[in-house]
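Structure file entry_11.cif (mmCIF, C-alpha atoms, pLDDT in the B column; chains and numbers go by the auth columns) is printed below.
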data_protein
#
loop_
_atom_site.group_PDB
_atom_site.id
_atom_site.type_symbol
_atom_site.label_atom_id
_atom_site.label_comp_id
_atom_site.label_asym_id
_atom_site.label_seq_id
_atom_site.Cartn_x
_atom_site.Cartn_y
_atom_site.Cartn_z
_atom_site.B_iso_or_equiv
_atom_site.auth_seq_id
_atom_site.auth_asym_id
ATOM 1 C CA MET A 1 0.000 0.000 0.000 70.00 1 S
ATOM 2 C CA THR A 2 1.280 3.489 -0.805 89.00 2 S
ATOM 3 C CA LYS A 3 1.712 6.374 1.583 95.00 3 S
ATOM 4 C CA GLN A 4 0.376 9.819 0.714 97.00 4 S
ATOM 5 C CA LYS A 5 1.579 12.937 2.515 97.00 5 S
ATOM 6 C CA ILE A 6 -1.216 15.191 3.794 98.00 6 S
ATOM 7 C CA HIS A 7 -0.477 18.893 4.158 97.00 7 S
ATOM 8 C CA SER A 8 -2.521 21.950 5.108 97.00 8 S
ATOM 9 C CA GLU A 9 -1.349 25.561 5.039 97.00 9 S
ATOM 10 C CA GLN A 10 -4.102 26.219 7.605 97.00 10 S
ATOM 11 C CA ALA A 11 -2.325 24.084 10.233 97.00 11 S
ATOM 12 C CA PRO A 12 1.133 24.584 11.752 96.00 12 S
ATOM 13 C CA GLN A 13 4.036 23.399 9.639 95.00 13 S
ATOM 14 C CA ALA A 14 5.981 20.420 10.946 92.00 14 S
ATOM 15 C CA ILE A 15 8.716 21.479 13.372 89.00 15 S
ATOM 16 C CA GLY A 16 10.743 18.322 12.781 90.00 16 S
ATOM 17 C CA THR A 17 11.217 15.409 10.436 95.00 17 S
ATOM 18 C CA TYR A 18 7.590 14.369 10.104 96.00 18 S
ATOM 19 C CA SER A 19 4.486 15.041 8.023 97.00 19 S
ATOM 20 C CA GLN A 20 1.296 16.646 9.335 98.00 20 S
ATOM 21 C CA ALA A 21 -0.414 13.390 8.383 98.00 21 S
ATOM 22 C CA ILE A 22 0.048 10.302 6.250 98.00 22 S
ATOM 23 C CA ARG A 23 -2.736 8.516 4.402 98.00 23 S
ATOM 24 C CA SER A 24 -2.502 4.801 3.691 97.00 24 S
ATOM 25 C CA GLY A 25 -5.603 3.378 2.033 95.00 25 S
ATOM 26 C CA ASN A 26 -8.583 4.921 3.807 96.00 26 S
ATOM 27 C CA THR A 27 -6.699 5.420 7.085 98.00 27 S
ATOM 28 C CA VAL A 28 -5.059 8.738 7.949 98.00 28 S
ATOM 29 C CA TYR A 29 -2.488 8.972 10.736 98.00 29 S
ATOM 30 C CA LEU A 30 -2.341 12.528 12.085 98.00 30 S
ATOM 31 C CA SER A 31 0.871 13.627 13.777 98.00 31 S
ATOM 32 C CA GLY A 32 0.684 15.245 17.171 97.00 32 S
ATOM 33 C CA GLN A 33 -0.568 18.811 17.137 97.00 33 S
ATOM 34 C CA ILE A 34 0.403 21.337 19.762 98.00 34 S
ATOM 35 C CA PRO A 35 -1.353 24.724 20.100 98.00 35 S
ATOM 36 C CA LEU A 36 0.703 26.603 17.536 97.00 36 S
ATOM 37 C CA ASP A 37 -0.841 29.432 15.579 96.00 37 S
ATOM 38 C CA PRO A 38 -0.345 28.378 11.935 96.00 38 S
ATOM 39 C CA GLN A 39 0.523 31.931 10.865 95.00 39 S
ATOM 40 C CA THR A 40 3.105 32.799 13.513 95.00 40 S
ATOM 41 C CA MET A 41 4.252 29.303 14.568 95.00 41 S
ATOM 42 C CA THR A 42 4.139 30.451 18.193 96.00 42 S
ATOM 43 C CA LEU A 43 1.901 29.214 20.996 96.00 43 S
ATOM 44 C CA ALA A 44 -1.589 30.557 20.432 92.00 44 S
ATOM 45 C CA ALA A 45 -2.132 31.253 24.148 91.00 45 S
ATOM 46 C CA LYS A 46 -0.862 30.489 27.642 92.00 46 S
ATOM 47 C CA ASP A 47 -4.330 29.596 28.969 95.00 47 S
ATOM 48 C CA PHE A 48 -5.018 25.839 28.865 98.00 48 S
ATOM 49 C CA ALA A 49 -8.568 26.095 27.464 97.00 49 S
ATOM 50 C CA ALA A 50 -7.368 28.288 24.592 97.00 50 S
ATOM 51 C CA GLN A 51 -4.477 25.911 23.913 98.00 51 S
ATOM 52 C CA ALA A 52 -6.853 22.934 23.795 98.00 52 S
ATOM 53 C CA ALA A 53 -9.157 24.757 21.368 98.00 53 S
ATOM 54 C CA GLN A 54 -6.203 25.609 19.098 98.00 54 S
ATOM 55 C CA VAL A 55 -5.076 21.981 19.020 98.00 55 S
ATOM 56 C CA PHE A 56 -8.543 20.844 17.934 98.00 56 S
ATOM 57 C CA LYS A 57 -8.652 23.598 15.283 98.00 57 S
ATOM 58 C CA ASN A 58 -5.279 22.419 13.968 98.00 58 S
ATOM 59 C CA LEU A 59 -6.450 18.797 13.849 98.00 59 S
ATOM 60 C CA GLN A 60 -9.632 19.924 12.082 98.00 60 S
ATOM 61 C CA GLU A 61 -7.597 21.605 9.324 98.00 61 S
ATOM 62 C CA VAL A 62 -5.404 18.549 8.755 98.00 62 S
ATOM 63 C CA CYS A 63 -8.533 16.360 8.618 98.00 63 S
ATOM 64 C CA LYS A 64 -9.986 18.688 5.950 98.00 64 S
ATOM 65 C CA ALA A 65 -6.788 18.493 3.911 98.00 65 S
ATOM 66 C CA ALA A 66 -7.089 14.702 3.988 98.00 66 S
ATOM 67 C CA GLY A 67 -10.677 14.820 2.733 97.00 67 S
ATOM 68 C CA GLY A 68 -12.398 14.199 6.058 97.00 68 S
ATOM 69 C CA ASN A 69 -13.423 15.922 9.262 96.00 69 S
ATOM 70 C CA VAL A 70 -12.928 15.393 12.979 97.00 70 S
ATOM 71 C CA ASP A 71 -15.987 13.131 13.167 96.00 71 S
ATOM 72 C CA ASP A 72 -14.009 10.666 11.010 98.00 72 S
ATOM 73 C CA ILE A 73 -11.400 10.353 13.790 98.00 73 S
ATOM 74 C CA VAL A 74 -11.594 6.924 15.432 98.00 74 S
ATOM 75 C CA LYS A 75 -8.753 7.279 17.973 98.00 75 S
ATOM 76 C CA LEU A 76 -7.178 10.182 19.856 98.00 76 S
ATOM 77 C CA THR A 77 -4.127 10.149 22.080 98.00 77 S
ATOM 78 C CA ILE A 78 -3.982 13.200 24.324 98.00 78 S
ATOM 79 C CA TYR A 79 -0.819 14.244 26.142 98.00 79 S
ATOM 80 C CA LEU A 80 -1.191 16.674 29.048 98.00 80 S
ATOM 81 C CA THR A 81 1.462 18.218 31.245 98.00 81 S
ATOM 82 C CA ASN A 82 -1.119 18.344 34.046 98.00 82 S
ATOM 83 C CA LEU A 83 -4.015 15.880 34.385 97.00 83 S
ATOM 84 C CA THR A 84 -6.057 18.446 36.314 98.00 84 S
ATOM 85 C CA HIS A 85 -6.939 19.821 32.856 98.00 85 S
ATOM 86 C CA PHE A 86 -8.761 16.576 31.964 97.00 86 S
ATOM 87 C CA SER A 87 -12.245 18.067 32.466 98.00 87 S
ATOM 88 C CA ILE A 88 -11.404 21.042 30.229 98.00 88 S
ATOM 89 C CA VAL A 89 -10.407 18.620 27.461 98.00 89 S
ATOM 90 C CA ASN A 90 -13.787 16.899 27.800 97.00 90 S
ATOM 91 C CA GLU A 91 -15.668 20.190 27.552 97.00 91 S
ATOM 92 C CA THR A 92 -13.590 21.374 24.585 97.00 92 S
ATOM 93 C CA MET A 93 -14.109 18.085 22.730 97.00 93 S
ATOM 94 C CA LYS A 94 -17.882 18.578 22.903 96.00 94 S
ATOM 95 C CA GLU A 95 -17.437 21.718 20.771 96.00 95 S
ATOM 96 C CA TYR A 96 -15.659 19.824 17.977 96.00 96 S
ATOM 97 C CA PHE A 97 -17.004 16.241 18.017 97.00 97 S
ATOM 98 C CA ASN A 98 -20.391 14.588 17.724 96.00 98 S
ATOM 99 C CA GLU A 99 -21.290 11.243 19.242 96.00 99 S
ATOM 100 C CA PRO A 100 -20.113 8.585 18.949 96.00 100 S
ATOM 101 C CA TYR A 101 -16.897 10.123 20.258 97.00 101 S
ATOM 102 C CA PRO A 102 -13.583 8.571 19.205 98.00 102 S
ATOM 103 C CA ALA A 103 -11.735 6.081 21.368 98.00 103 S
ATOM 104 C CA ARG A 104 -9.201 7.959 23.461 98.00 104 S
ATOM 105 C CA SER A 105 -6.205 7.689 25.747 98.00 105 S
ATOM 106 C CA THR A 106 -5.033 10.548 27.958 98.00 106 S
ATOM 107 C CA ILE A 107 -1.510 10.527 29.335 98.00 107 S
ATOM 108 C CA GLU A 108 0.264 12.943 31.672 98.00 108 S
ATOM 109 C CA ILE A 109 3.818 13.696 30.614 98.00 109 S
ATOM 110 C CA SER A 110 6.571 15.938 31.955 98.00 110 S
ATOM 111 C CA ALA A 111 7.022 18.298 28.999 97.00 111 S
ATOM 112 C CA LEU A 112 5.990 19.050 25.422 97.00 112 S
ATOM 113 C CA PRO A 113 7.671 20.930 22.548 95.00 113 S
ATOM 114 C CA LYS A 114 7.609 24.735 22.820 94.00 114 S
ATOM 115 C CA ALA A 115 6.379 24.429 26.448 96.00 115 S
ATOM 116 C CA ALA A 116 2.866 23.537 25.246 98.00 116 S
ATOM 117 C CA LEU A 117 0.396 22.224 27.819 98.00 117 S
ATOM 118 C CA ILE A 118 -1.343 19.773 25.448 98.00 118 S
ATOM 119 C CA GLU A 119 -0.600 17.682 22.362 98.00 119 S
ATOM 120 C CA ILE A 120 -2.992 15.397 20.491 98.00 120 S
ATOM 121 C CA ASP A 121 -2.408 12.855 17.734 98.00 121 S
ATOM 122 C CA ALA A 122 -5.143 10.944 15.953 98.00 122 S
ATOM 123 C CA ILE A 123 -6.159 8.171 13.586 98.00 123 S
ATOM 124 C CA MET A 124 -8.900 8.939 11.084 98.00 124 S
ATOM 125 C CA VAL A 125 -10.730 6.532 8.788 98.00 125 S
ATOM 126 C CA LEU A 126 -12.230 8.000 5.625 97.00 126 S
ATOM 127 C CA ASN A 127 -15.447 6.638 4.129 88.00 127 S
ATOM 128 C CA LEU A 128 -14.538 5.780 0.565 64.00 128 S
#

Please express the file's structure as C-alpha cells.
Amino acid sequence: MTKQKIHSEQAPQAIGTYSQAIRSGNTVYLSGQIPLDPQTMTLAAKDFAAQAAQVFKNLQEVCKAAGGNVDDIVKLTIYLTNLTHFSIVNETMKEYFNEPYPARSTIEISALPKAALIEIDAIMVLNL
C-alpha cells in the first residue's frame, strides 16, 4: 500500500522530520498537534482552554486536507502536562465532536515541545 503525505497551510508546519499526516488506504495517521498558531508558529495562548481549542482547530484543518473531518477520527491520544486539565479537554471536545466520540487515551507527561500544555495525535478513517 502506498503512503500519501497530507499537508494543510491552515495548520502549523511540521517542526521536525515528520508530516502533518500520512494517508494509507482509507486510514489517515495525524501527527501530534500542539497549540501553535499556523501563521506565527508560536503558541496561540498560555491559557489551557485556549491551547486545547487551538489543538482541535489544527487537527480539524489537517482532517480537511485529507478529505475528512474530525468526526471521522476513530482514535485520539492526548498528552497533558497536568491531568487536572482533563475536564477542560472533555468540555472542549464537545465543541468539535459529535457522538459517537472517538476512542481515546489521555496521558500525563513531563514536557511538550515549545512548552505547550497539550498535544494530540489521531487516527482517522475516511469513508470511501

Selected by the PyMOL selection byres ((chain S and resi 56) around 10) in the shown coordinates: which residues, as a short mmCIF file (atom, residue, chain, number, x, y, z; two decimals) with C-alpha atoms, keeping the file's coordinate frame?
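Once everything was written out, this is result.cif:
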data_model
loop_
_atom_site.label_atom_id
_atom_site.label_comp_id
_atom_site.auth_asym_id
_atom_site.auth_seq_id
_atom_site.Cartn_x
_atom_site.Cartn_y
_atom_site.Cartn_z
CA GLN S 33 -0.57 18.81 17.14
CA ILE S 34 0.40 21.34 19.76
CA PRO S 35 -1.35 24.72 20.10
CA GLN S 51 -4.48 25.91 23.91
CA ALA S 52 -6.85 22.93 23.80
CA ALA S 53 -9.16 24.76 21.37
CA GLN S 54 -6.20 25.61 19.10
CA VAL S 55 -5.08 21.98 19.02
CA LYS S 57 -8.65 23.60 15.28
CA ASN S 58 -5.28 22.42 13.97
CA LEU S 59 -6.45 18.80 13.85
CA GLN S 60 -9.63 19.92 12.08
CA GLU S 61 -7.60 21.60 9.32
CA VAL S 62 -5.40 18.55 8.76
CA VAL S 70 -12.93 15.39 12.98
CA VAL S 89 -10.41 18.62 27.46
CA THR S 92 -13.59 21.37 24.58
CA MET S 93 -14.11 18.08 22.73
CA GLU S 95 -17.44 21.72 20.77
CA TYR S 96 -15.66 19.82 17.98
CA PHE S 97 -17.00 16.24 18.02
CA GLU S 119 -0.60 17.68 22.36
CA ILE S 120 -2.99 15.40 20.49
#

Nearest-residue call for Leu83 (chain S), choices S:Ala103, S:Ile109, S:Ala65, S:Ile15, using only C-alpha atoms: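 Among the listed residues, S:Ile109 lies closest to Leu83 (chain S).
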
Explicit residues for the PyMOL selection byres ((chain S and resi 66) around 12) (as an MDAnalysis selection string): chainID S and resid 4:8 20:30 59:65 67:70 72:73 123:127

d(CA of Ile88 (chain S), CA of Ala14 (chain S)) in Å: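 Between CA of Ile88 (chain S) and CA of Ala14 (chain S) the gap works out to 26.0 Å.
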
Nearest to Pro113 (chain S), chosen from S:Gln10, S:Tyr101, S:Thr81, S:Ala49, with all atoms listed in the file counted in the distances: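 Of S:Gln10, S:Tyr101, S:Thr81, S:Ala49, the one nearest Pro113 (chain S) is S:Thr81, counting all atoms listed in the file.
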
Selected residue of minimal separation from Gly32 (chain S) among S:Asp71, S:Asp47, S:Asp121, S:Glu108, counting all atoms listed in the file: S:Asp121

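Atom to atom, CA of Phe86 (chain S) and CA of Ile107 (chain S) stand 9.8 Å apart.
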
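Distance check against Ser105 (chain S) using all atoms listed in the file: of S:Met1, S:Ile78, S:Ala50, S:Ala11, the minimum falls on S:Ile78.
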
Gap from CA of Gln39 (chain S) to CA of Ala115 (chain S) - Å, one decimal: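 Computing it gives 18.3 Å between the two atoms.
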
Selected residue, from S:Lys46, S:Lys3, S:His85, S:Lys75, that lies nearest to Ala116 (chain S) when counting all atoms listed in the file: S:Lys46

Which residue of S:Tyr18, S:Ala44, S:Thr2, S:Thr106 approaches Leu76 (chain S) most closely, using only C-alpha atoms: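 Smallest distance to Leu76 (chain S) is found for S:Thr106.
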
Please rebuild region 95-118 of chain S with N, CA and C atoms and return the result as a CSV table (one decimal), in the coordinates of the input.
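Resulting contents of part.csv:
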chain,number,residue,atom,x,y,z
S,95,GLU,N,-17.3,20.6,21.8
S,95,GLU,CA,-17.4,21.7,20.8
S,95,GLU,C,-17.0,21.3,19.4
S,96,TYR,N,-16.2,20.2,19.3
S,96,TYR,CA,-15.7,19.8,18.0
S,96,TYR,C,-16.2,18.5,17.5
S,97,PHE,N,-16.6,17.6,18.4
S,97,PHE,CA,-17.0,16.2,18.0
S,97,PHE,C,-18.5,16.0,18.3
S,98,ASN,N,-19.0,15.1,17.5
S,98,ASN,CA,-20.4,14.6,17.7
S,98,ASN,C,-20.3,13.1,18.2
S,99,GLU,N,-21.3,12.7,18.9
S,99,GLU,CA,-21.3,11.2,19.2
S,99,GLU,C,-21.5,10.4,18.0
S,100,PRO,N,-21.0,9.2,17.9
S,100,PRO,CA,-20.1,8.6,18.9
S,100,PRO,C,-18.7,9.2,18.9
S,101,TYR,N,-18.2,9.5,20.1
S,101,TYR,CA,-16.9,10.1,20.3
S,101,TYR,C,-15.8,9.1,19.9
S,102,PRO,N,-14.6,9.5,19.5
S,102,PRO,CA,-13.6,8.6,19.2
S,102,PRO,C,-13.1,7.9,20.5
S,103,ALA,N,-12.5,6.7,20.3
S,103,ALA,CA,-11.7,6.1,21.4
S,103,ALA,C,-10.6,7.0,21.8
S,104,ARG,N,-10.1,6.9,23.0
S,104,ARG,CA,-9.2,8.0,23.5
S,104,ARG,C,-8.3,7.4,24.6
S,105,SER,N,-7.1,7.9,24.6
S,105,SER,CA,-6.2,7.7,25.7
S,105,SER,C,-5.7,9.1,26.2
S,106,THR,N,-5.6,9.3,27.5
S,106,THR,CA,-5.0,10.5,28.0
S,106,THR,C,-3.9,10.2,28.9
S,107,ILE,N,-2.7,10.8,28.6
S,107,ILE,CA,-1.5,10.5,29.3
S,107,ILE,C,-0.9,11.8,29.9
S,108,GLU,N,-0.5,11.8,31.1
S,108,GLU,CA,0.3,12.9,31.7
S,108,GLU,C,1.8,12.7,31.4
S,109,ILE,N,2.4,13.8,30.9
S,109,ILE,CA,3.8,13.7,30.6
S,109,ILE,C,4.5,14.9,31.2
S,110,SER,N,5.8,14.9,31.3
S,110,SER,CA,6.6,15.9,32.0
S,110,SER,C,6.7,17.2,31.1
S,111,ALA,N,6.8,17.1,29.8
S,111,ALA,CA,7.0,18.3,29.0
S,111,ALA,C,6.6,18.0,27.6
S,112,LEU,N,6.3,19.1,26.8
S,112,LEU,CA,6.0,19.0,25.4
S,112,LEU,C,6.8,20.1,24.7
S,113,PRO,N,6.9,19.9,23.3
S,113,PRO,CA,7.7,20.9,22.5
S,113,PRO,C,7.1,22.3,22.7
S,114,LYS,N,8.0,23.3,22.7
S,114,LYS,CA,7.6,24.7,22.8
S,114,LYS,C,6.9,25.1,24.1
S,115,ALA,N,7.0,24.2,25.1
S,115,ALA,CA,6.4,24.4,26.4
S,115,ALA,C,4.9,24.4,26.4
S,116,ALA,N,4.3,23.7,25.4
S,116,ALA,CA,2.9,23.5,25.2
S,116,ALA,C,2.3,22.7,26.4
S,117,LEU,N,1.0,22.9,26.7
S,117,LEU,CA,0.4,22.2,27.8
S,117,LEU,C,-0.4,21.0,27.3
S,118,ILE,N,-0.6,20.9,26.0
S,118,ILE,CA,-1.3,19.8,25.4
S,118,ILE,C,-0.8,19.4,24.1
